[in-house]
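Structure below is target-v6.txt: compact mmCIF, C-alpha atoms.
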# COMPACT_ATOMS: atom_id res chain seq x y z
CA MET Z 1 95.11 124.52 137.35
CA LYS Z 2 94.15 123.99 133.71
CA LEU Z 3 90.86 125.74 132.91
CA ARG Z 4 88.42 124.24 130.43
CA ARG Z 5 85.59 126.78 130.74
CA THR Z 6 85.16 127.01 126.98
CA ARG Z 7 85.84 124.52 124.24
CA LEU Z 8 85.20 126.02 120.82
CA TYR Z 9 84.20 123.71 117.99
CA VAL Z 10 85.75 124.51 114.59
CA PRO Z 11 84.94 122.42 111.48
CA GLY Z 12 88.07 120.44 110.57
CA ASN Z 13 87.46 120.74 106.83
CA ASN Z 14 87.47 124.55 106.65
CA PRO Z 15 90.99 126.06 106.52
CA HIS Z 16 89.65 129.61 106.53
CA LEU Z 17 87.96 129.07 109.91
CA VAL Z 18 90.84 127.03 111.31
CA GLU Z 19 93.65 129.52 110.56
CA ASN Z 20 92.52 132.14 113.10
CA VAL Z 21 91.50 129.90 115.99
CA GLY Z 22 94.22 131.16 118.31
CA LEU Z 23 92.70 134.64 118.37
CA TYR Z 24 89.47 133.66 120.08
CA GLY Z 25 90.81 133.09 123.61
CA ALA Z 26 88.93 129.85 124.22
CA ASP Z 27 90.45 127.58 126.87
CA CYS Z 28 90.23 124.66 124.44
CA LEU Z 29 89.87 124.52 120.66
CA ILE Z 30 88.27 121.47 119.07
CA LEU Z 31 89.08 120.78 115.45
CA ASP Z 32 86.11 118.66 114.53
CA LEU Z 33 86.29 115.58 112.30
CA GLU Z 34 82.85 114.30 113.27
CA ASP Z 35 79.49 116.00 112.71
CA SER Z 36 80.70 119.09 110.86
CA VAL Z 37 82.57 117.06 108.23
CA PRO Z 38 80.56 115.27 105.48
CA ILE Z 39 81.52 111.64 104.83
CA THR Z 40 82.98 112.56 101.42
CA GLN Z 41 85.46 114.96 103.10
CA LYS Z 42 86.63 112.81 106.05
CA PHE Z 43 89.90 111.81 104.34
CA ASP Z 44 90.87 115.36 103.34
CA ALA Z 45 89.78 116.80 106.69
CA ARG Z 46 91.94 114.56 108.88
CA ILE Z 47 95.01 115.46 106.81
CA LEU Z 48 94.12 119.16 106.95
CA VAL Z 49 93.72 118.90 110.74
CA LYS Z 50 97.11 117.18 111.03
CA TYR Z 51 98.75 120.11 109.24
CA ALA Z 52 96.71 122.67 111.23
CA LEU Z 53 97.88 121.17 114.53
CA GLN Z 54 101.47 121.67 113.41
CA ASN Z 55 101.19 125.07 111.74
CA VAL Z 56 98.38 127.15 113.25
CA ASP Z 57 99.04 129.34 116.29
CA PHE Z 58 96.64 128.08 118.96
CA GLY Z 59 97.68 130.81 121.42
CA ASN Z 60 97.15 129.55 124.96
CA SER Z 61 94.34 127.23 123.99
CA GLU Z 62 94.56 123.49 124.54
CA LYS Z 63 94.54 121.63 121.20
CA TRP Z 64 91.68 119.13 120.91
CA VAL Z 65 90.44 117.02 118.02
CA ARG Z 66 86.99 115.43 118.02
CA ILE Z 67 87.45 112.15 116.17
CA ASN Z 68 84.66 110.05 114.68
CA SER Z 69 82.91 107.70 117.09
CA PRO Z 70 84.17 104.15 117.75
CA ASP Z 71 81.15 102.70 115.90
CA THR Z 72 82.30 104.23 112.56
CA PRO Z 73 85.02 103.07 110.13
CA PHE Z 74 86.91 106.39 110.56
CA TRP Z 75 88.20 106.65 114.11
CA VAL Z 76 91.46 104.65 113.73
CA ALA Z 77 92.52 106.67 110.67
CA ASP Z 78 91.63 109.86 112.58
CA LEU Z 79 93.89 108.82 115.48
CA ASN Z 80 96.74 107.87 113.14
CA GLU Z 81 96.86 111.38 111.69
CA VAL Z 82 96.30 113.53 114.79
CA VAL Z 83 97.65 111.76 117.89
CA PRO Z 84 101.28 112.85 117.46
CA TYR Z 85 100.29 116.54 117.47
CA VAL Z 86 97.24 116.93 119.71
CA ASP Z 87 96.71 117.59 123.45
CA VAL Z 88 93.31 115.98 123.90
CA VAL Z 89 91.32 113.46 121.86
CA ASN Z 90 87.59 114.08 122.18
CA VAL Z 91 85.64 110.86 121.56
CA PRO Z 92 81.92 110.91 120.77
CA LYS Z 93 79.40 108.22 121.72
CA VAL Z 94 81.56 106.46 124.30
CA GLU Z 95 79.49 103.73 125.94
CA SER Z 96 81.85 101.78 128.19
CA TYR Z 97 85.24 101.64 129.87
CA GLU Z 98 86.16 99.08 127.20
CA ASP Z 99 85.49 101.67 124.48
CA VAL Z 100 88.05 104.00 126.07
CA GLU Z 101 90.50 101.17 126.56
CA LYS Z 102 90.16 100.14 122.88
CA ILE Z 103 90.97 103.70 121.79
CA SER Z 104 93.73 104.01 124.37
CA LYS Z 105 95.48 100.88 123.04
CA ILE Z 106 95.57 102.27 119.47
CA MET Z 107 96.83 105.62 120.81
CA GLU Z 108 99.57 103.85 122.75
CA ASP Z 109 100.95 102.31 119.54
CA ILE Z 110 100.94 105.68 117.75
CA GLU Z 111 102.54 107.45 120.72
CA GLU Z 112 105.28 104.84 120.88
CA LYS Z 113 105.95 105.08 117.15
CA HIS Z 114 106.24 108.87 117.27
CA GLY Z 115 107.88 109.12 120.70
CA VAL Z 116 105.22 111.37 122.18
CA GLU Z 117 103.79 111.46 125.70
CA LYS Z 118 100.41 110.02 126.64
CA ILE Z 119 97.58 112.05 125.09
CA LYS Z 120 94.48 112.79 127.16
CA ILE Z 121 90.95 111.64 126.34
CA VAL Z 122 87.65 113.44 126.92
CA PRO Z 123 84.76 111.05 126.23
CA ILE Z 124 81.34 112.36 125.23
CA ILE Z 125 78.43 110.50 126.79
CA GLU Z 126 75.55 110.49 124.34
CA THR Z 127 73.56 107.31 124.93
CA LEU Z 128 71.70 105.66 127.80
CA LYS Z 129 74.29 102.87 127.83
CA GLY Z 130 77.08 105.44 128.09
CA LEU Z 131 75.26 107.21 130.89
CA THR Z 132 74.77 103.96 132.78
CA ASN Z 133 78.51 103.30 132.54
CA ALA Z 134 79.67 106.91 133.07
CA ARG Z 135 81.14 106.28 136.53
CA GLU Z 136 83.28 103.41 135.15
CA ILE Z 137 84.31 105.43 132.06
CA ALA Z 138 85.51 108.30 134.29
CA LYS Z 139 87.91 105.90 136.02
CA HIS Z 140 90.09 105.44 132.93
CA PRO Z 141 93.51 107.02 133.58
CA ARG Z 142 93.55 108.84 130.23
CA VAL Z 143 90.20 110.51 130.91
CA VAL Z 144 90.71 114.05 132.24
CA ALA Z 145 87.15 115.29 131.80
CA MET Z 146 83.75 114.06 130.76
CA ALA Z 147 81.35 115.75 128.36
CA TRP Z 148 77.87 114.84 127.22
CA GLY Z 149 75.43 115.41 124.36
CA GLY Z 150 71.64 115.21 124.41
CA GLU Z 151 70.56 114.50 120.82
CA ASP Z 152 70.93 110.71 120.80
CA LEU Z 153 69.82 110.38 124.39
CA THR Z 154 66.53 112.17 123.84
CA ALA Z 155 66.01 110.35 120.54
CA GLU Z 156 66.46 107.05 122.39
CA LEU Z 157 63.88 108.16 124.92
CA GLY Z 158 61.55 109.47 122.22
CA ILE Z 159 61.20 112.95 123.71
CA PRO Z 160 61.94 116.36 122.18
CA LYS Z 161 65.29 117.66 123.43
CA LYS Z 162 64.01 121.11 124.33
CA LYS Z 163 61.30 119.67 126.57
CA ALA Z 164 63.34 116.83 128.06
CA LEU Z 165 63.11 117.25 131.83
CA ILE Z 166 65.37 114.24 132.28
CA LEU Z 167 68.38 116.20 131.00
CA ASP Z 168 68.90 117.83 134.40
CA HIS Z 169 69.27 114.35 135.86
CA VAL Z 170 71.70 113.48 133.05
CA ARG Z 171 73.72 116.62 133.84
CA ALA Z 172 73.85 115.73 137.53
CA GLU Z 173 74.94 112.18 136.72
CA ILE Z 174 77.77 113.43 134.47
CA VAL Z 175 78.99 115.78 137.22
CA ILE Z 176 78.87 113.05 139.87
CA ALA Z 177 80.57 110.47 137.62
CA ALA Z 178 83.39 112.82 136.66
CA LYS Z 179 83.92 114.54 140.01
CA SER Z 180 83.87 111.31 142.00
CA GLN Z 181 87.01 110.37 140.06
CA GLY Z 182 88.61 113.81 140.38
CA LYS Z 183 87.94 114.59 136.69
CA MET Z 184 86.36 117.68 135.14
CA ALA Z 185 82.71 117.76 134.06
CA LEU Z 186 81.88 119.65 130.87
CA ASP Z 187 78.40 120.73 129.88
CA THR Z 188 77.14 120.63 126.31
CA VAL Z 189 76.75 123.61 123.94
CA TYR Z 190 74.18 126.41 123.99
CA SER Z 191 73.17 126.38 120.37
CA ASN Z 192 71.44 129.77 119.99
CA ILE Z 193 74.50 131.83 119.12
CA ARG Z 194 72.52 135.10 119.02
CA ASP Z 195 71.06 134.82 122.52
CA GLU Z 196 73.81 136.30 124.72
CA LYS Z 197 71.64 136.66 127.84
CA GLY Z 198 70.41 133.09 127.49
CA LEU Z 199 73.98 131.85 127.10
CA PHE Z 200 75.13 133.72 130.24
CA GLU Z 201 72.30 132.20 132.28
CA TYR Z 202 72.98 128.75 130.79
CA ALA Z 203 76.68 128.94 131.67
CA ARG Z 204 75.94 130.24 135.19
CA ARG Z 205 73.55 127.36 135.72
CA ALA Z 206 76.18 124.92 134.44
CA ARG Z 207 78.68 126.36 136.90
CA TYR Z 208 76.32 126.00 139.87
CA MET Z 209 75.43 122.49 138.73
CA GLY Z 210 79.11 121.62 139.24
CA PHE Z 211 80.39 121.80 135.66
CA ASP Z 212 83.82 123.21 134.85
CA GLY Z 213 82.91 124.51 131.41
CA VAL Z 214 80.52 124.43 128.47
CA GLY Z 215 80.93 123.87 124.73
CA VAL Z 216 80.74 126.90 122.42
CA LEU Z 217 79.93 127.13 118.74
CA HIS Z 218 80.89 130.74 117.97
CA PRO Z 219 83.88 132.86 119.05
CA ASN Z 220 81.50 135.52 120.42
CA GLN Z 221 80.31 133.03 123.03
CA VAL Z 222 83.77 132.66 124.62
CA GLU Z 223 83.89 135.90 126.61
CA ILE Z 224 80.29 135.51 127.84
CA VAL Z 225 80.98 132.05 129.22
CA HIS Z 226 84.23 133.14 130.88
CA ARG Z 227 82.30 135.97 132.54
CA ALA Z 228 79.63 133.54 133.74
CA PHE Z 229 82.30 131.29 135.26
CA LYS Z 230 84.08 134.18 137.00
CA PRO Z 231 83.50 133.98 140.76
CA GLU Z 232 81.98 136.91 142.71
CA ASP Z 233 84.43 139.61 143.93
CA LYS Z 234 83.69 138.80 147.58
CA ASP Z 235 84.45 135.10 147.00
CA ILE Z 236 87.72 136.04 145.29
CA GLU Z 237 88.77 138.24 148.23
CA ASP Z 238 87.91 135.51 150.76
CA ALA Z 239 89.76 132.93 148.67
CA LYS Z 240 92.87 135.13 148.50
CA LYS Z 241 92.91 135.44 152.30
CA ILE Z 242 92.53 131.67 152.74
CA VAL Z 243 95.34 130.86 150.30
CA GLU Z 244 97.60 133.53 151.85
CA ALA Z 245 96.93 132.07 155.32
CA ALA Z 246 97.78 128.59 154.00
CA GLU Z 247 101.04 129.83 152.46
CA LYS Z 248 101.95 131.62 155.68
CA ALA Z 249 101.24 128.49 157.75
CA MET Z 250 103.37 126.41 155.38
CA LYS Z 251 106.29 128.89 155.61
CA GLU Z 252 106.09 128.83 159.38
CA GLY Z 253 105.93 125.03 159.40
CA LYS Z 254 102.50 124.98 161.02
CA GLY Z 255 100.26 121.99 160.38
CA VAL Z 256 97.08 123.91 161.07
CA ILE Z 257 95.85 126.81 158.94
CA ALA Z 258 93.94 129.48 160.81
CA LEU Z 259 92.22 132.63 159.59
CA ASN Z 260 90.60 135.12 161.99
CA GLY Z 261 90.63 132.46 164.69
CA ARG Z 262 88.85 129.94 162.43
CA MET Z 263 90.50 126.72 161.33
CA ILE Z 264 90.71 126.21 157.57
CA ASP Z 265 90.45 122.60 156.50
CA LYS Z 266 91.57 120.98 153.26
CA PRO Z 267 88.32 121.14 151.23
CA VAL Z 268 87.96 124.86 152.03
CA LEU Z 269 91.53 125.49 150.85
CA GLU Z 270 90.92 123.47 147.68
CA ARG Z 271 87.75 125.42 146.92
CA ALA Z 272 89.62 128.70 147.50
CA ARG Z 273 92.34 127.64 145.04
CA LYS Z 274 89.69 126.71 142.47
CA ILE Z 275 87.96 130.08 142.90
CA LEU Z 276 91.27 131.87 142.25
CA ALA Z 277 91.92 129.72 139.20
CA PHE Z 278 88.49 130.57 137.76
CA ALA Z 279 89.12 134.23 138.61
CA GLU Z 280 92.44 133.90 136.76
CA VAL Z 281 94.37 135.10 139.81
CA ASP Z 282 97.86 133.61 140.23
CA MET V 1 91.63 111.11 88.50
CA VAL V 2 91.70 112.06 92.16
CA GLU V 3 91.06 115.36 93.87
CA ALA V 4 91.31 116.97 97.29
CA GLY V 5 90.28 120.28 98.83
CA THR V 6 87.66 122.80 97.78
CA LEU V 7 87.30 126.09 95.94
CA GLU V 8 86.21 127.89 99.13
CA LYS V 9 88.00 131.05 100.33
CA GLY V 10 91.37 130.25 101.92
CA ASP V 11 91.40 126.72 100.49
CA ALA V 12 92.93 125.03 97.45
CA ARG V 13 91.73 122.26 95.14
CA VAL V 14 94.22 119.72 93.85
CA VAL V 15 93.42 117.42 90.91
CA ILE V 16 95.82 114.67 89.86
CA THR V 17 95.34 112.65 86.65
CA ASP V 18 97.48 109.89 85.12
CA ALA V 19 100.17 110.97 82.62
CA ASP V 20 103.55 109.76 81.31
CA LYS V 21 105.43 112.65 82.85
CA ARG V 22 104.86 115.27 85.49
CA GLU V 23 103.09 118.41 84.40
CA ILE V 24 102.13 121.08 86.93
CA VAL V 25 99.49 123.75 86.39
CA VAL V 26 98.93 126.32 89.13
CA LYS V 27 96.00 128.72 88.98
CA SER V 28 96.23 131.15 91.87
CA LYS V 29 93.81 133.88 92.89
CA LEU V 30 96.91 135.70 94.11
CA GLU V 31 99.19 134.74 91.20
CA ARG V 32 101.24 137.94 91.23
CA LEU V 33 102.00 137.73 94.95
CA TYR V 34 102.16 134.02 95.67
CA GLY V 35 102.13 132.14 92.34
CA ASP V 36 105.82 131.27 92.46
CA ALA V 37 105.67 130.20 96.11
CA VAL V 38 102.72 127.90 95.42
CA ARG V 39 104.49 126.44 92.37
CA LYS V 40 107.61 125.79 94.49
CA THR V 41 105.59 123.90 97.11
CA VAL V 42 103.83 121.84 94.43
CA GLU V 43 107.13 120.98 92.73
CA GLU V 44 108.73 119.99 96.04
CA MET V 45 105.85 117.74 97.12
CA THR V 46 105.18 116.02 93.80
CA GLN V 47 108.71 114.94 92.91
CA GLY V 48 108.75 111.56 91.20
CA ILE V 49 105.04 111.60 90.43
CA ASN V 50 104.29 111.17 86.75
CA ALA V 51 100.92 112.84 86.46
CA ASN V 52 99.12 116.01 85.52
CA ILE V 53 98.83 118.07 88.69
CA LEU V 54 96.39 120.94 88.77
CA VAL V 55 96.33 123.25 91.80
CA GLU V 56 93.65 125.92 92.07
CA ASP V 57 94.62 128.25 94.90
CA MET V 58 91.88 130.33 96.51
CA GLY V 59 94.27 132.29 98.73
CA ALA V 60 95.37 129.29 100.80
CA LEU V 61 98.27 129.41 103.25
CA ASP V 62 101.26 127.18 102.52
CA TRP V 63 100.26 124.54 105.10
CA VAL V 64 96.79 124.29 103.52
CA ILE V 65 98.27 123.71 100.07
CA ARG V 66 100.59 121.07 101.54
CA ALA V 67 97.67 119.35 103.28
CA ARG V 68 95.57 119.30 100.11
CA LEU V 69 98.54 118.04 98.07
CA GLU V 70 99.26 115.26 100.56
CA ALA V 71 95.59 114.19 100.52
CA ALA V 72 95.52 114.10 96.71
CA ILE V 73 98.87 112.29 96.43
CA ARG V 74 97.83 109.63 98.94
CA LYS V 75 94.60 109.04 97.04
CA PHE V 76 96.54 108.91 93.75
CA ARG V 77 98.78 106.23 95.29
CA GLY V 78 95.72 104.17 96.11
CA GLU V 79 95.03 104.98 99.73
CA GLU V 80 91.33 104.49 100.36
CA GLU V 81 89.13 107.35 101.38
This structure in structure tokens:
Amino acid sequence: MKLRRTRLYVPGNNPHLVENVGLYGADCLILDLEDSVPITQKFDARILVKYALQNVDFGNSEKWVRINSPDTPFWVADLNEVVPYVDVVNVPKVESYEDVEKISKIMEDIEEKHGVEKIKIVPIIETLKGLTNAREIAKHPRVVAMAWGGEDLTAELGIPKKKALILDHVRAEIVIAAKSQGKMALDTVYSNIRDEKGLFEYARRARYMGFDGVGVLHPNQVEIVHRAFKPEDKDIEDAKKIVEAAEKAMKEGKGVIALNGRMIDKPVLERARKILAFAEVD
Amino acid sequence: MVEAGTLEKGDARVVITDADKREIVVKSKLERLYGDAVRKTVEEMTQGINANILVEDMGALDWVIRARLEAAIRKFRGEEE
């Protein structure tokens, strides 16, 4: 199972920050062409990111690029440079299934031209319209996970982000939309990079809310989030026994999995496998 | 005149201006160690371009210099930013 507990944002216009990204151990690395790149540097940045994708050692991290949103004049040029070399395209301000389809069509042409396989998409839901359509957006076959951002949403509602009680509802809606389609749900960033305790609690809360990961802004946040997503020892031990029992039943050709006289059904086995994946146990 | 890149640590700035023949100037922070390698990359990537090409290297890796050169060359050839 591919883990996406952490996705580390790195400004796409800064070669000094980009060259060491593989050392940080994040599950996913996002070379950013959107908010961290000023308009005057968009052209240079997308070419720099194209070269980085081909030359930088990303270690075991999945290679993501956050392109500019579909309501800007930049997103097609972004795709043209990065699609042949990236694992996941992260798309901000997605508002509808049609938005994803529009991007997917352009990607298809580039993939065909370069003879590469289908690249995945992770949309970011940032507006009320996007939230309303989240369940449809999650259905798109290219979408492997769904992320969200609160700045535009709270601005639309006219409430300060830090006091916005509605964001827990937004979080729940993102989890339901993504998970109902078998996709991952990814929580937004914890922006206070000095508050380690706060980050741990934030990531724990995200995990129990049903998220599969959170965004991170600094390499120091990676280990803390991975720790927060690590299951309890007792849960790991129980999960190991369940998976072992399932493997034994399969070897013996039994249709029913039993452990200590208790029948194990499919959802329990799936949860056990997920616990082992998050515990990084093979 | 077009330019690409920055003078930040680990980056390079490339400036290309119209001229009748190619002239390359490389100013490298690490001239003694990497000056020749940078010059070789610039020569390879700017073949056939009649222009003054200035590369200011702030300790950039080869792929960074290539990226900044490509950006500057594409702008020089009229690609819009």
- Using CA of Thr154 (chain Z) and CA of Ile125 (chain Z) as the two end points, give the distance in Å to one decimal.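 Going from CA of Thr154 (chain Z) over to CA of Ile125 (chain Z) covers 12.4 Å.
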Within 12 Å of chain Z, which residues of chain V come that close, and what is the closest atom pair and distance in Å for each? Count only C-alpha atoms and give it as CSV.
residue,atom,partner,partner_atom,distance
V:Val2,CA,Z:Asp44,CA,11.7
V:Glu3,CA,Z:Asp44,CA,9.5
V:Ala4,CA,Z:Asp44,CA,6.3
V:Gly5,CA,Z:Asp44,CA,6.7
V:Thr6,CA,Z:Asn14,CA,9.0
V:Leu7,CA,Z:Asn14,CA,10.8
V:Glu8,CA,Z:Asn14,CA,8.3
V:Lys9,CA,Z:His16,CA,6.6
V:Gly10,CA,Z:His16,CA,5.0
V:Asp11,CA,Z:Pro15,CA,6.1
V:Ala12,CA,Z:Pro15,CA,9.3
V:Arg13,CA,Z:Asp44,CA,10.8
V:Val14,CA,Z:Asp44,CA,11.0
V:Met58,CA,Z:His16,CA,10.3
V:Gly59,CA,Z:His16,CA,9.5
V:Ala60,CA,Z:Pro15,CA,7.9
V:Leu61,CA,Z:Glu19,CA,8.6
V:Asp62,CA,Z:Asn55,CA,9.5
V:Trp63,CA,Z:Tyr51,CA,6.2
V:Val64,CA,Z:Leu48,CA,6.7
V:Ile65,CA,Z:Leu48,CA,9.2
V:Arg66,CA,Z:Tyr51,CA,8.0
V:Ala67,CA,Z:Leu48,CA,5.1
V:Arg68,CA,Z:Asp44,CA,6.9
V:Leu69,CA,Z:Asp44,CA,9.7
V:Glu70,CA,Z:Ile47,CA,7.6
V:Ala71,CA,Z:Asp44,CA,5.6
V:Ala72,CA,Z:Asp44,CA,8.2
V:Ile73,CA,Z:Asp44,CA,11.0
V:Arg74,CA,Z:Phe43,CA,9.8
V:Lys75,CA,Z:Phe43,CA,9.1
V:Glu79,CA,Z:Phe43,CA,9.7
V:Glu80,CA,Z:Phe43,CA,8.5
V:Glu81,CA,Z:Phe43,CA,5.4
With C-alpha atoms retained, write the just-selected residues as a tab-separated table (two decimals), in the frame of the given file.
chain	number	residue	atom	x	y	z
V	2	VAL	CA	91.70	112.06	92.16
V	3	GLU	CA	91.06	115.36	93.87
V	4	ALA	CA	91.31	116.97	97.29
V	5	GLY	CA	90.28	120.28	98.83
V	6	THR	CA	87.66	122.80	97.78
V	7	LEU	CA	87.30	126.09	95.94
V	8	GLU	CA	86.21	127.89	99.13
V	9	LYS	CA	88.00	131.05	100.33
V	10	GLY	CA	91.37	130.25	101.92
V	11	ASP	CA	91.40	126.72	100.49
V	12	ALA	CA	92.93	125.03	97.45
V	13	ARG	CA	91.73	122.26	95.14
V	14	VAL	CA	94.22	119.72	93.85
V	58	MET	CA	91.88	130.33	96.51
V	59	GLY	CA	94.27	132.29	98.73
V	60	ALA	CA	95.37	129.29	100.80
V	61	LEU	CA	98.27	129.41	103.25
V	62	ASP	CA	101.26	127.18	102.52
V	63	TRP	CA	100.26	124.54	105.10
V	64	VAL	CA	96.79	124.29	103.52
V	65	ILE	CA	98.27	123.71	100.07
V	66	ARG	CA	100.59	121.07	101.54
V	67	ALA	CA	97.67	119.35	103.28
V	68	ARG	CA	95.57	119.30	100.11
V	69	LEU	CA	98.54	118.04	98.07
V	70	GLU	CA	99.26	115.26	100.56
V	71	ALA	CA	95.59	114.19	100.52
V	72	ALA	CA	95.52	114.10	96.71
V	73	ILE	CA	98.87	112.29	96.43
V	74	ARG	CA	97.83	109.63	98.94
V	75	LYS	CA	94.60	109.04	97.04
V	79	GLU	CA	95.03	104.98	99.73
V	80	GLU	CA	91.33	104.49	100.36
V	81	GLU	CA	89.13	107.35	101.38
- Pairwise distance for CA of Ile159 (chain Z) and CA of Thr188 (chain Z), rounded to one decimal in Å: 17.9 Å
- Item | Two-atom distance - CA of Thr132 (chain Z), CA of Asp87 (chain Z) (Å) |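 We find that CA of Thr132 (chain Z) and CA of Asp87 (chain Z) lie 27.5 Å from each other.
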- Message: Residues near Asn60 (chain Z), anyone? I mean within 8 Å using all atoms listed in the file, not counting same-chain ones fewer than 5 positions away, as a ChimeraX atom specification.
- Response: /Z:22,25,27
- Find the spatial neighbours of Lys29 (chain V), counting all atoms listed in the file, within a cut-off of 9 Å - ignore same-chain residues fewer than 2 positions away - and output them as a count of residues only. 9
- Task: Could you give me, as a PyMOL selection string, the residues within 6 Å of region 94-110 of chain Z, counting all atoms listed in the file and dropping anything in the same chain fewer than 5 positions from it?
- Result: chain Z and resi 123-125+129-130+133+136-137
